[in-house]
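Printed here is start-v6.pdb (PDB, C-alpha atoms):
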ATOM      1  CA  MET A   1       5.132  -1.581 -23.751
ATOM      2  CA  ILE A   2       3.456   0.552 -21.139
ATOM      3  CA  ILE A   3       1.868  -1.400 -18.313
ATOM      4  CA  LEU A   4      -0.709   0.081 -15.950
ATOM      5  CA  GLY A   5      -0.369  -1.453 -12.480
ATOM      6  CA  ILE A   6      -3.243  -1.388  -9.968
ATOM      7  CA  GLU A   7      -2.736  -2.478  -6.343
ATOM      8  CA  THR A   8      -5.555  -2.343  -3.757
ATOM      9  CA  SER A   9      -4.979  -5.476  -1.687
ATOM     10  CA  CYS A  10      -5.098  -3.701   1.668
ATOM     11  CA  ASP A  11      -5.349  -0.023   2.618
ATOM     12  CA  ASP A  12      -3.148   1.780   0.081
ATOM     13  CA  THR A  13      -4.576   2.807  -3.291
ATOM     14  CA  ALA A  14      -1.562   2.387  -5.580
ATOM     15  CA  ILE A  15      -1.349   3.051  -9.317
ATOM     16  CA  SER A  16       1.760   2.962 -11.510
ATOM     17  CA  LEU A  17       2.972   3.062 -15.103
ATOM     18  CA  VAL A  18       5.988   0.876 -15.900
ATOM     19  CA  ASN A  19       7.634  -0.175 -19.163
ATOM     20  CA  GLU A  20       8.776  -3.687 -20.060
ATOM     21  CA  LYS A  21      12.334  -2.979 -18.851
ATOM     22  CA  GLY A  22      11.125  -2.228 -15.324
ATOM     23  CA  THR A  23      11.575   1.526 -15.640
ATOM     24  CA  VAL A  24       8.969   3.276 -13.490
ATOM     25  CA  LEU A  25       7.318   6.112 -15.420
ATOM     26  CA  SER A  26       5.085   7.152 -12.530
ATOM     27  CA  ASN A  27       4.137   5.722  -9.168
ATOM     28  CA  VAL A  28       1.309   7.047  -6.993
ATOM     29  CA  VAL A  29       0.375   5.683  -3.561
ATOM     30  CA  SER A  30      -2.588   7.187  -1.736
ATOM     31  CA  SER A  31      -2.273   6.174   1.920
ATOM     32  CA  GLN A  32      -5.317   5.586   4.138
ATOM     33  CA  GLU A  33      -3.291   5.561   7.369
ATOM     34  CA  VAL A  34      -5.079   8.621   8.765
ATOM     35  CA  PHE A  35      -8.456   6.836   8.481
ATOM     36  CA  HIS A  36      -7.344   3.674  10.322
ATOM     37  CA  LYS A  37      -4.841   4.743  12.986
ATOM     38  CA  ASN A  38      -7.474   5.517  15.635
ATOM     39  CA  PHE A  39      -8.754   1.928  15.361
ATOM     40  CA  GLY A  40      -5.336   0.342  15.996
ATOM     41  CA  GLY A  41      -5.408  -1.448  12.640
ATOM     42  CA  ILE A  42      -7.092  -1.616   9.256
ATOM     43  CA  VAL A  43     -10.903  -1.588   9.136
ATOM     44  CA  PRO A  44     -11.837  -3.525   5.948
ATOM     45  CA  GLU A  45     -15.066  -1.633   5.262
ATOM     46  CA  ILE A  46     -13.344   1.749   5.541
ATOM     47  CA  ALA A  47     -10.521   0.509   3.318
ATOM     48  CA  SER A  48     -12.827  -0.570   0.473
ATOM     49  CA  ARG A  49     -14.859   2.642   0.642
ATOM     50  CA  LYS A  50     -11.737   4.792   0.490
ATOM     51  CA  HIS A  51     -10.389   2.787  -2.461
ATOM     52  CA  SER A  52     -13.585   3.486  -4.385
ATOM     53  CA  GLU A  53     -13.271   7.209  -3.597
ATOM     54  CA  LEU A  54      -9.553   7.523  -4.371
ATOM     55  CA  ILE A  55      -8.806   5.188  -7.272
ATOM     56  CA  GLY A  56     -10.030   7.497 -10.029
ATOM     57  CA  TYR A  57      -7.932  10.391  -8.723
ATOM     58  CA  ALA A  58      -4.889   8.122  -8.356
ATOM     59  CA  ILE A  59      -5.164   6.924 -11.986
ATOM     60  CA  THR A  60      -5.544  10.504 -13.247
ATOM     61  CA  GLU A  61      -2.502  11.636 -11.261
ATOM     62  CA  THR A  62      -0.407   8.687 -12.463
ATOM     63  CA  LEU A  63      -1.141   9.431 -16.105
ATOM     64  CA  LYS A  64      -0.456  13.141 -15.591
ATOM     65  CA  ILE A  65       2.956  12.537 -13.981
ATOM     66  CA  ALA A  66       4.010  10.216 -16.817
ATOM     67  CA  GLY A  67       2.594  12.504 -19.523
ATOM     68  CA  LYS A  68       0.463   9.649 -20.868
ATOM     69  CA  SER A  69      -3.203   8.980 -21.583
ATOM     70  CA  LEU A  70      -5.277   5.835 -21.114
ATOM     71  CA  GLU A  71      -4.921   5.153 -24.844
ATOM     72  CA  ASP A  72      -1.131   4.802 -24.410
ATOM     73  CA  ILE A  73      -1.554   1.774 -22.119
ATOM     74  CA  ASP A  74      -0.747  -1.646 -23.641
ATOM     75  CA  LEU A  75      -1.505  -3.922 -20.667
ATOM     76  CA  ILE A  76      -3.455  -3.675 -17.404
ATOM     77  CA  SER A  77      -1.998  -5.614 -14.464
ATOM     78  CA  VAL A  78      -3.946  -5.802 -11.192
ATOM     79  CA  THR A  79      -3.608  -7.525  -7.820
ATOM     80  CA  LYS A  80      -6.150 -10.364  -7.530
ATOM     81  CA  GLY A  81      -5.072 -11.619  -4.080
ATOM     82  CA  PRO A  82      -4.269 -12.354  -1.365
ATOM     83  CA  GLY A  83      -5.805  -9.496   0.549
ATOM     84  CA  LEU A  84      -9.021  -7.918   1.791
ATOM     85  CA  VAL A  85     -11.788  -9.004  -0.570
ATOM     86  CA  GLY A  86     -13.613  -5.666  -0.520
ATOM     87  CA  SER A  87     -10.406  -3.794  -1.337
ATOM     88  CA  LEU A  88      -9.351  -6.234  -4.055
ATOM     89  CA  ILE A  89     -12.748  -5.958  -5.767
ATOM     90  CA  ILE A  90     -12.327  -2.197  -6.256
ATOM     91  CA  GLY A  91      -8.989  -2.661  -8.022
ATOM     92  CA  VAL A  92     -10.022  -5.647 -10.128
ATOM     93  CA  GLU A  93     -13.332  -4.136 -11.269
ATOM     94  CA  THR A  94     -11.546  -0.896 -12.195
ATOM     95  CA  ALA A  95      -8.987  -2.891 -14.196
ATOM     96  CA  LYS A  96     -11.767  -4.790 -15.966
ATOM     97  CA  ALA A  97     -13.549  -1.562 -16.892
ATOM     98  CA  ILE A  98     -10.382  -0.067 -18.404
ATOM     99  CA  SER A  99      -9.577  -3.332 -20.199
ATOM    100  CA  PHE A 100     -13.090  -3.499 -21.679
ATOM    101  CA  ALA A 101     -13.216   0.177 -22.669
ATOM    102  CA  LEU A 102      -9.785   0.164 -24.352
ATOM    103  CA  ASN A 103      -9.865  -3.436 -25.596
ATOM    104  CA  LYS A 104      -6.479  -3.998 -23.941
ATOM    105  CA  PRO A 105      -5.246  -7.230 -22.309
ATOM    106  CA  LEU A 106      -5.780  -7.791 -18.588
ATOM    107  CA  ILE A 107      -3.800  -9.914 -16.153
ATOM    108  CA  GLY A 108      -4.327 -10.697 -12.453
ATOM    109  CA  ILE A 109      -1.261 -10.943 -10.205
ATOM    110  CA  ASN A 110      -0.509 -12.504  -6.837
ATOM    111  CA  HIS A 111       0.397  -9.690  -4.432
ATOM    112  CA  LEU A 112       3.335 -11.688  -2.998
ATOM    113  CA  GLU A 113       4.733 -12.313  -6.464
ATOM    114  CA  GLY A 114       4.477  -8.580  -7.026
ATOM    115  CA  HIS A 115       6.680  -7.999  -3.976
ATOM    116  CA  ILE A 116       9.280 -10.352  -5.447
ATOM    117  CA  TYR A 117       9.355  -8.300  -8.646
ATOM    118  CA  SER A 118      10.017  -5.124  -6.659
ATOM    119  CA  LEU A 119      13.598  -6.440  -6.705
ATOM    120  CA  PHE A 120      13.702  -6.046 -10.505
ATOM    121  CA  LEU A 121      12.364  -2.515 -10.758
ATOM    122  CA  GLY A 122      14.674   0.019 -12.358
ATOM    123  CA  GLY A 123      17.618   0.794 -10.139
ATOM    124  CA  PRO A 124      18.460  -2.285  -7.995
ATOM    125  CA  LYS A 125      21.499  -4.287  -9.021
ATOM    126  CA  LEU A 126      19.505  -7.511  -9.379
ATOM    127  CA  SER A 127      17.714  -6.201 -12.475
ATOM    128  CA  LYS A 128      21.088  -5.878 -14.226
ATOM    129  CA  ILE A 129      22.348  -9.442 -13.561
ATOM    130  CA  LYS A 130      21.765 -11.778 -16.493
ATOM    131  CA  ASN A 131      21.187 -14.968 -14.473
ATOM    132  CA  PRO A 132      20.850 -14.357 -10.705
ATOM    133  CA  PHE A 133      19.023 -17.631  -9.990
ATOM    134  CA  PRO A 134      18.486 -19.496  -7.766
ATOM    135  CA  LEU A 135      17.554 -16.972  -5.105
ATOM    136  CA  ILE A 136      16.137 -17.244  -1.621
ATOM    137  CA  ILE A 137      13.432 -14.624  -1.191
ATOM    138  CA  LEU A 138      12.315 -13.513   2.264
ATOM    139  CA  ILE A 139       8.840 -11.975   2.028
ATOM    140  CA  VAL A 140       8.237 -10.133   5.270
ATOM    141  CA  SER A 141       5.392  -7.714   5.988
ATOM    142  CA  GLY A 142       2.481  -7.043   8.301
ATOM    143  CA  GLY A 143       0.482  -9.877   6.774
ATOM    144  CA  HIS A 144       3.059 -12.325   5.428
ATOM    145  CA  THR A 145       6.321 -14.000   6.387
ATOM    146  CA  GLU A 146       7.529 -16.599   3.881
ATOM    147  CA  LEU A 147      10.769 -18.034   2.540
ATOM    148  CA  VAL A 148      10.589 -18.737  -1.185
ATOM    149  CA  LEU A 149      13.101 -20.513  -3.391
ATOM    150  CA  MET A 150      13.009 -18.640  -6.731
ATOM    151  CA  GLU A 151      14.502 -21.006  -9.285
ATOM    152  CA  ASN A 152      13.844 -18.782 -12.286
ATOM    153  CA  HIS A 153      11.483 -16.046 -13.414
ATOM    154  CA  LEU A 154       7.931 -17.036 -12.359
ATOM    155  CA  LYS A 155       9.157 -20.324 -10.865
ATOM    156  CA  TYR A 156       8.789 -20.498  -7.070
ATOM    157  CA  ARG A 157       8.752 -22.994  -4.246
ATOM    158  CA  VAL A 158       7.670 -22.003  -0.734
ATOM    159  CA  ILE A 159      10.074 -23.662   1.717
ATOM    160  CA  GLY A 160       8.943 -21.965   4.930
ATOM    161  CA  ARG A 161       6.294 -19.660   6.320
ATOM    162  CA  THR A 162       4.925 -18.448   9.624
ATOM    163  CA  ARG A 163       2.604 -20.785  11.504
ATOM    164  CA  ASP A 164       0.774 -17.911  13.182
ATOM    165  CA  ASP A 165       1.500 -14.168  13.251
ATOM    166  CA  ALA A 166       3.561 -12.478  10.561
ATOM    167  CA  ALA A 167       6.675 -10.611  11.708
ATOM    168  CA  GLY A 168       5.210  -7.184  10.980
ATOM    169  CA  GLU A 169       1.955  -8.120  12.701
ATOM    170  CA  ALA A 170       3.814  -9.115  15.899
ATOM    171  CA  ILE A 171       5.694  -5.790  15.926
ATOM    172  CA  ASP A 172       2.473  -3.832  15.322
ATOM    173  CA  LYS A 173       0.689  -5.593  18.195
ATOM    174  CA  PHE A 174       3.646  -5.097  20.532
ATOM    175  CA  ALA A 175       3.638  -1.385  19.677
ATOM    176  CA  ARG A 176      -0.112  -1.182  20.249
ATOM    177  CA  PHE A 177       0.310  -2.669  23.729
ATOM    178  CA  LEU A 178       2.885   0.022  24.445
ATOM    179  CA  GLY A 179       0.201   2.568  23.631
ATOM    180  CA  TYR A 180       1.399   3.504  20.155
ATOM    181  CA  GLY A 181      -0.870   3.691  17.139
ATOM    182  CA  TYR A 182      -0.926   1.892  13.829
ATOM    183  CA  PRO A 183       1.366   1.109  12.070
ATOM    184  CA  GLY A 184       3.718   0.154  14.893
ATOM    185  CA  GLY A 185       6.765  -1.001  12.919
ATOM    186  CA  PRO A 186       8.234   2.431  12.130
ATOM    187  CA  LEU A 187       7.584   3.564  15.717
ATOM    188  CA  ILE A 188       9.383   0.569  17.251
ATOM    189  CA  GLU A 189      12.281   1.119  14.842
ATOM    190  CA  LYS A 190      12.488   4.798  15.786
ATOM    191  CA  LEU A 191      12.491   3.984  19.513
ATOM    192  CA  GLY A 192      15.035   1.200  19.084
ATOM    193  CA  ILE A 193      17.625   3.337  17.299
ATOM    194  CA  ASN A 194      18.795   4.777  20.625
ATOM    195  CA  GLY A 195      18.232   1.601  22.659
ATOM    196  CA  ASN A 196      20.374  -1.298  23.846
ATOM    197  CA  PRO A 197      19.318  -4.409  21.870
ATOM    198  CA  GLU A 198      20.900  -6.651  24.529
ATOM    199  CA  PHE A 199      18.768  -5.214  27.351
ATOM    200  CA  HIS A 200      16.429  -8.225  27.451
ATOM    201  CA  LYS A 201      16.518 -11.646  25.800
ATOM    202  CA  PHE A 202      13.159 -12.499  24.282
ATOM    203  CA  PRO A 203      12.520 -16.158  23.279
ATOM    204  CA  HIS A 204      13.355 -17.713  19.907
ATOM    205  CA  LEU A 205      10.981 -20.514  18.916
ATOM    206  CA  THR A 206      12.252 -23.230  16.557
ATOM    207  CA  PHE A 207      10.524 -26.274  15.083
ATOM    208  CA  LYS A 208      12.243 -29.638  15.034
ATOM    209  CA  GLY A 209      12.355 -30.899  11.457
ATOM    210  CA  SER A 210      11.113 -27.555  10.047
ATOM    211  CA  PRO A 211      14.197 -25.313   9.995
ATOM    212  CA  TYR A 212      12.696 -22.649   7.721
ATOM    213  CA  GLU A 213       9.375 -22.086   9.481
ATOM    214  CA  PHE A 214       8.548 -19.097  11.652
ATOM    215  CA  SER A 215       6.367 -18.342  14.652
ATOM    216  CA  PHE A 216       5.943 -14.894  16.137
ATOM    217  CA  SER A 217       2.840 -15.369  18.284
ATOM    218  CA  GLY A 218       4.859 -16.666  21.259
ATOM    219  CA  LEU A 219       7.347 -13.822  20.952
ATOM    220  CA  LYS A 220       4.500 -11.292  20.873
ATOM    221  CA  THR A 221       2.947 -12.846  23.999
ATOM    222  CA  ALA A 222       6.319 -12.938  25.790
ATOM    223  CA  GLY A 223       6.803  -9.283  24.946
ATOM    224  CA  ILE A 224       3.387  -8.324  26.326
ATOM    225  CA  TYR A 225       3.981 -10.339  29.544
ATOM    226  CA  PHE A 226       7.316  -8.579  30.003
ATOM    227  CA  LEU A 227       5.645  -5.181  29.672
ATOM    228  CA  GLU A 228       2.933  -6.138  32.194
ATOM    229  CA  LYS A 229       5.420  -7.439  34.769
ATOM    230  CA  ASN A 230       8.000  -4.677  34.411
ATOM    231  CA  PRO A 231       6.245  -1.285  34.466
ATOM    232  CA  ALA A 232       9.398   0.387  35.789
ATOM    233  CA  ALA A 233      11.395  -0.836  32.804
ATOM    234  CA  VAL A 234       8.701   0.447  30.446
ATOM    235  CA  LYS A 235       8.986   3.844  32.097
ATOM    236  CA  ASN A 236      12.781   4.009  32.280
ATOM    237  CA  ASN A 237      14.030   1.739  29.479
ATOM    238  CA  LEU A 238      11.494   2.064  26.677
ATOM    239  CA  ASN A 239      14.133   2.475  23.970
ATOM    240  CA  ASP A 240      16.016  -0.596  25.229
ATOM    241  CA  ILE A 241      12.837  -2.720  25.252
ATOM    242  CA  ALA A 242      11.959  -1.647  21.714
ATOM    243  CA  ALA A 243      15.497  -2.379  20.501
ATOM    244  CA  SER A 244      15.517  -5.817  22.195
ATOM    245  CA  PHE A 245      12.158  -6.835  20.724
ATOM    246  CA  GLU A 246      13.087  -5.578  17.262
ATOM    247  CA  LYS A 247      16.459  -7.367  17.412
ATOM    248  CA  THR A 248      14.767 -10.658  18.326
ATOM    249  CA  VAL A 249      12.466 -10.436  15.298
ATOM    250  CA  VAL A 250      15.425  -9.554  13.050
ATOM    251  CA  ASP A 251      17.577 -12.396  14.443
ATOM    252  CA  ILE A 252      14.824 -14.952  13.792
ATOM    253  CA  LEU A 253      14.339 -13.734  10.215
ATOM    254  CA  THR A 254      18.085 -13.608   9.565
ATOM    255  CA  GLU A 255      18.859 -17.044  11.009
ATOM    256  CA  ARG A 256      16.178 -18.852   8.948
ATOM    257  CA  THR A 257      17.006 -16.955   5.757
ATOM    258  CA  ILE A 258      20.752 -17.579   5.933
ATOM    259  CA  ARG A 259      20.210 -21.248   6.759
ATOM    260  CA  ALA A 260      17.990 -21.625   3.669
ATOM    261  CA  ALA A 261      20.535 -19.780   1.488
ATOM    262  CA  VAL A 262      23.333 -22.126   2.586
ATOM    263  CA  ASP A 263      21.256 -25.312   2.346
ATOM    264  CA  TYR A 264      19.956 -24.526  -1.148
ATOM    265  CA  LYS A 265      23.308 -23.133  -2.379
ATOM    266  CA  VAL A 266      21.724 -20.025  -3.867
ATOM    267  CA  LYS A 267      23.479 -17.141  -5.618
ATOM    268  CA  GLY A 268      21.782 -14.460  -3.571
ATOM    269  CA  ILE A 269      19.097 -13.426  -1.087
ATOM    270  CA  GLY A 270      16.238 -11.056  -1.846
ATOM    271  CA  VAL A 271      14.281  -9.344   0.948
ATOM    272  CA  VAL A 272      10.901  -7.825   0.070
ATOM    273  CA  GLY A 273       7.749  -6.544   1.767
ATOM    274  CA  GLY A 274       7.127  -3.664   4.149
ATOM    275  CA  VAL A 275       9.449  -4.935   6.885
ATOM    276  CA  SER A 276      12.324  -5.075   4.361
ATOM    277  CA  ALA A 277      12.587  -1.299   4.868
ATOM    278  CA  ASN A 278      13.662  -1.898   8.486
ATOM    279  CA  LYS A 279      17.229  -0.608   8.955
ATOM    280  CA  ARG A 280      18.253  -3.248  11.517
ATOM    281  CA  LEU A 281      17.078  -6.091   9.254
ATOM    282  CA  ARG A 282      18.856  -4.621   6.229
ATOM    283  CA  LYS A 283      22.122  -4.134   8.104
ATOM    284  CA  THR A 284      22.082  -7.523   9.880
ATOM    285  CA  LEU A 285      21.340  -9.556   6.754
ATOM    286  CA  THR A 286      23.802  -7.678   4.554
ATOM    287  CA  THR A 287      26.523  -8.094   7.175
ATOM    288  CA  GLU A 288      25.968 -11.748   8.056
ATOM    289  CA  ALA A 289      24.760 -13.381   4.824
ATOM    290  CA  PRO A 290      27.327 -15.529   2.969
ATOM    291  CA  VAL A 291      25.909 -14.382  -0.395
ATOM    292  CA  GLU A 292      24.886 -11.016  -1.791
ATOM    293  CA  VAL A 293      21.668  -9.535  -0.400
ATOM    294  CA  PHE A 294      19.344  -7.689  -2.767
ATOM    295  CA  LEU A 295      16.835  -5.132  -1.516
ATOM    296  CA  PRO A 296      14.263  -3.063  -3.391
ATOM    297  CA  GLU A 297      14.443   0.706  -3.273
ATOM    298  CA  LYS A 298      12.659   1.780  -0.086
ATOM    299  CA  THR A 299       9.911   3.385  -2.197
ATOM    300  CA  PHE A 300       9.051  -0.077  -3.503
ATOM    301  CA  SER A 301       9.421  -1.998  -0.225
ATOM    302  CA  THR A 302       5.873  -1.226   0.885
ATOM    303  CA  ASP A 303       2.763  -1.915  -1.207
ATOM    304  CA  ASN A 304       2.960  -0.287  -4.632
ATOM    305  CA  ALA A 305       1.606  -0.856  -8.128
ATOM    306  CA  ALA A 306       4.916  -0.715 -10.013
ATOM    307  CA  MET A 307       5.802  -4.214  -8.766
ATOM    308  CA  ILE A 308       2.371  -5.486  -9.886
ATOM    309  CA  ALA A 309       2.865  -3.962 -13.334
ATOM    310  CA  LEU A 310       6.270  -5.604 -13.842
ATOM    311  CA  ALA A 311       5.096  -9.018 -12.596
ATOM    312  CA  GLY A 312       2.122  -8.707 -14.956
ATOM    313  CA  TYR A 313       4.411  -8.029 -17.909
ATOM    314  CA  ARG A 314       6.458 -11.145 -17.093
ATOM    315  CA  HIS A 315       3.316 -13.297 -17.242
ATOM    316  CA  PHE A 316       2.035 -11.565 -20.383
ATOM    317  CA  GLU A 317       5.426 -12.114 -22.042
ATOM    318  CA  ARG A 318       4.908 -15.832 -21.417
ATOM    319  CA  GLY A 319       1.598 -15.728 -23.292
ATOM    320  CA  GLU A 320      -0.736 -15.493 -20.305
ATOM    321  CA  LYS A 321      -3.739 -13.202 -19.915
ATOM    322  CA  ASP A 322      -7.073 -13.100 -18.095
ATOM    323  CA  ASN A 323     -10.576 -12.151 -19.163
ATOM    324  CA  LEU A 324     -13.414 -10.145 -17.633
ATOM    325  CA  LEU A 325     -14.299 -13.108 -15.392
ATOM    326  CA  LEU A 326     -11.131 -12.481 -13.339
ATOM    327  CA  ASP A 327     -11.957 -13.070  -9.671
ATOM    328  CA  VAL A 328     -10.390 -11.994  -6.352
ATOM    329  CA  TYR A 329      -8.971 -14.210  -3.603
ATOM    330  CA  SER A 330      -8.518 -13.505   0.085
ATOM    331  CA  ARG A 331      -5.964 -16.335   0.211
ATOM    332  CA  LEU A 332      -3.680 -17.205  -2.675
ATOM    333  CA  GLU A 333      -0.578 -19.353  -2.824
ATOM    334  CA  ILE A 334       2.407 -18.098  -4.777
ATOM    335  CA  GLU A 335       3.330 -21.497  -6.180
TER     336      GLU A 335
END
Take the structure I supplied and represent it as structure tokens, if you would.
Amino acid sequence: MIILGIETSCDDTAISLVNEKGTVLSNVVSSQEVFHKNFGGIVPEIASRKHSELIGYAITETLKIAGKSLEDIDLISVTKGPGLVGSLIIGVETAKAISFALNKPLIGINHLEGHIYSLFLGGPKLSKIKNPFPLIILIVSGGHTELVLMENHLKYRVIGRTRDDAAGEAIDKFARFLGYGYPGGPLIEKLGINGNPEFHKFPHLTFKGSPYEFSFSGLKTAGIYFLEKNPAAVKNNLNDIAASFEKTVVDILTERTIRAAVDYKVKGIGVVGGVSANKRLRKTLTTEAPVEVFLPEKTFSTDNAAMIALAGYRHFERGEKDNLLLDVYSRLEIE
């Protein structure tokens, strides 16, 4: 089968063609970063307008790279949520139009579930293991931080999530306060490479009775207070501050994830979402985890449509499909 994946949950217009084995035939991501960076974050109205302008070109380019036509598509898989409603509508309505015109099946996918299936795309070792379950999956991005127990394909249980800011969101806001643009994560990582991560100890917040839950709002505030009270350190030790803040975020993510892996006696840990591309997080988890850690190829760590296509095939294989009444959801649970 050839599955067309469409992902427009936020600010990237992503289109992909994938087969049922998870082999990526083509993968196009049209970034809107240049349109949002001056605002310090994503402007929803700009995002939806740009999706409507770019999606046709992205589909054409995807087909061209794969040497396919619309008639070759067997299934259309599209992100239905969670995300920005205006952005999601562009993707879903495009998917409906193609489904109607070609009389091909349509399926709506949870964006977070898509990230989980980035682990099974093509190259990564996890796609070649016959029975890797159960797994602990850490979903970590600018909008989401969750720990999910994956008991089998399409069978999930959320065991922990952030109570306020997501990890990526806290890093972005910290970077913005330092005077850097959006997105802040790659900039903080770049600064921190040459810094001393032990320069300053930022606080770790834990919840009694909730060992797998996260909170990054307090850390973000502590980081901003430190910057306000220590202008000399900002001037002379910027790399050290960035490294210390980044290390704190990574330590919190690592500690909760490893605890969940031990408590639930899983066979492995999967790390997905935009922040999974962070080098410090990858190195720390792979070094300290008592089980094997699986990571998507960096190309598929951030938002992409290949992961949506593969997740869609898994649901279609189980006999599921949607109709032209498919709706979009700003909030959507993975369970």
Item to check | Of the listed residues A:Gly41, A:Gly91, A:Gly184, A:Gly122, that which approaches Leu25 in chain A most closely, counting only C-alpha atoms | outcome: A:Gly122
Can I get the residues of range 82-172 of chain A within 7 Å of range 211-230 of chain A, each with the closest pair of atoms and their distance in Å to one decimal, using only C-alpha atoms, sorted chain first then ascending number, as a Markdown table?
| residue | atom | partner | partner_atom | distance |
| --- | --- | --- | --- | --- |
| A:Ile159 | CA | A:Tyr212 | CA | 6.6 |
| A:Gly160 | CA | A:Glu213 | CA | 4.6 |
| A:Arg161 | CA | A:Glu213 | CA | 5.0 |
| A:Thr162 | CA | A:Phe214 | CA | 4.2 |
| A:Arg163 | CA | A:Ser215 | CA | 5.5 |
| A:Asp164 | CA | A:Ser215 | CA | 5.8 |
| A:Asp165 | CA | A:Ser217 | CA | 5.3 |
| A:Ala166 | CA | A:Phe216 | CA | 6.5 |
| A:Ala167 | CA | A:Phe216 | CA | 6.2 |
| A:Ala170 | CA | A:Lys220 | CA | 5.5 |
Next on the checklist: Rounded to one decimal, what separation in Å do you get between CA of Asn110 in chain A and CA of Met150 in chain A?
Outcome noted: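 For CA of Asn110 in chain A relative to CA of Met150 in chain A, the distance reads 14.8 Å.
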Item to check | Proximity to Ile107 in chain A - best of A:Ile3, A:Leu154, A:Ile129, A:Val275, all atoms listed in the file | outcome: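 When distances to Ile107 in chain A are compared using all atoms listed in the file, the smallest one comes from A:Ile3.
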Item to check | 8 Å contact set for Val250 in chain A, only C-alpha atoms, chain neighbours under 4 positions out, as a PyMOL selection string | outcome: chain A and resi 246+254+280-281+284
Checklist entry - From the list A:Val234, A:Ile55, A:Val34, A:Leu112, which residue is nearest Ile89 in chain A when using all atoms listed in the file? => result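 Of A:Val234, A:Ile55, A:Val34, A:Leu112, the one nearest Ile89 in chain A is A:Ile55, counting all atoms listed in the file.
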Checklist entry - At what distance in Å, to one decimal, does CA of Leu75 in chain A lie from CA of Pro105 in chain A? => result 5.3 Å
Checklist entry - Which is closest to Phe245 in chain A among A:Val148, A:Leu191, A:Ile136, A:Val78, if we use all atoms listed in the file? => result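 Closest candidate: A:Leu191.
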Where's the centre, and what are the edge lengths in Å to one decimal, of a box along x, y and z enclosing all listed atoms of range 212-217 of chain A padded 3 Å per side, as AutoDock Vina command-line options?
--center_x 7.8 --center_y -18.8 --center_z 13.0 --size_x 15.9 --size_y 13.8 --size_z 16.6
Specify as a PDB file with C-alpha atoms, in the frame of the given file each residue included when the PyMOL selection byres ((chain A and resi 257) around 10) is applied to this file.
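New file expr_28.pdb:
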ATOM      1  CA  ILE A 136      16.137 -17.244  -1.621  1.00  0.00           C
ATOM      2  CA  ILE A 137      13.432 -14.624  -1.191  1.00  0.00           C
ATOM      3  CA  LEU A 138      12.315 -13.513   2.264  1.00  0.00           C
ATOM      4  CA  GLU A 146       7.529 -16.599   3.881  1.00  0.00           C
ATOM      5  CA  LEU A 147      10.769 -18.034   2.540  1.00  0.00           C
ATOM      6  CA  VAL A 148      10.589 -18.737  -1.185  1.00  0.00           C
ATOM      7  CA  GLY A 160       8.943 -21.965   4.930  1.00  0.00           C
ATOM      8  CA  PRO A 211      14.197 -25.313   9.995  1.00  0.00           C
ATOM      9  CA  TYR A 212      12.696 -22.649   7.721  1.00  0.00           C
ATOM     10  CA  GLU A 213       9.375 -22.086   9.481  1.00  0.00           C
ATOM     11  CA  ASP A 251      17.577 -12.396  14.443  1.00  0.00           C
ATOM     12  CA  ILE A 252      14.824 -14.952  13.792  1.00  0.00           C
ATOM     13  CA  LEU A 253      14.339 -13.734  10.215  1.00  0.00           C
ATOM     14  CA  THR A 254      18.085 -13.608   9.565  1.00  0.00           C
ATOM     15  CA  GLU A 255      18.859 -17.044  11.009  1.00  0.00           C
ATOM     16  CA  ARG A 256      16.178 -18.852   8.948  1.00  0.00           C
ATOM     17  CA  ILE A 258      20.752 -17.579   5.933  1.00  0.00           C
ATOM     18  CA  ARG A 259      20.210 -21.248   6.759  1.00  0.00           C
ATOM     19  CA  ALA A 260      17.990 -21.625   3.669  1.00  0.00           C
ATOM     20  CA  ALA A 261      20.535 -19.780   1.488  1.00  0.00           C
ATOM     21  CA  VAL A 262      23.333 -22.126   2.586  1.00  0.00           C
ATOM     22  CA  ASP A 263      21.256 -25.312   2.346  1.00  0.00           C
ATOM     23  CA  ILE A 269      19.097 -13.426  -1.087  1.00  0.00           C
ATOM     24  CA  GLY A 270      16.238 -11.056  -1.846  1.00  0.00           C
ATOM     25  CA  VAL A 271      14.281  -9.344   0.948  1.00  0.00           C
ATOM     26  CA  LEU A 285      21.340  -9.556   6.754  1.00  0.00           C
ATOM     27  CA  ALA A 289      24.760 -13.381   4.824  1.00  0.00           C
TER      28      ALA A 289
END
Next on the checklist: What's around Gly195 in chain A at 6 Å? Count only C-alpha atoms, leave out sequence neighbours fewer than 2 positions away in its own chain, and write the answer as a PyMOL selection string.
Outcome noted: chain A and resi 192-193+239-240+243
Item to check | CA of Ile98 in chain A to CA of Val28 in chain A, straight-line distance in Å | outcome: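 Result for CA of Val28 in chain A versus CA of Ile98 in chain A: 17.8 Å, one decimal.
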Show which residues sit within 7 Å of His200 in chain A, as a short mmCIF file (atom, residue, chain, number, x, y, z; two decimals) with C-alpha atoms, keeping the file's coordinate frame. Count only C-alpha atoms, and ignore same-chain residues fewer than 2 positions away.
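As written to disk, selection.cif reads:
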data_model
loop_
_atom_site.label_atom_id
_atom_site.label_comp_id
_atom_site.auth_asym_id
_atom_site.auth_seq_id
_atom_site.Cartn_x
_atom_site.Cartn_y
_atom_site.Cartn_z
CA GLU A 198 20.90 -6.65 24.53
CA PHE A 202 13.16 -12.50 24.28
CA ILE A 241 12.84 -2.72 25.25
CA SER A 244 15.52 -5.82 22.20
#
Next on the checklist: Which residues, named as in the file, does the PyMOL selection byres ((chain A and resi 179) around 12) pick out? Answer as a PyMOL selection string.
Outcome noted: chain A and resi 37-38+40+172-178+180-184+187-188+224+227+234+238
Checklist entry - Exactly which residues make up the result of the PyMOL selection byres ((chain A and resi 80) around 7) on this file, given as a list in words? => result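 On the file shown, the PyMOL selection byres ((chain A and resi 80) around 7) covers Val78, Thr79, Gly81, Pro82, Leu88, Val92, Gly108, Ile109, Asn110, Asp327, Val328 and Tyr329 of chain A.
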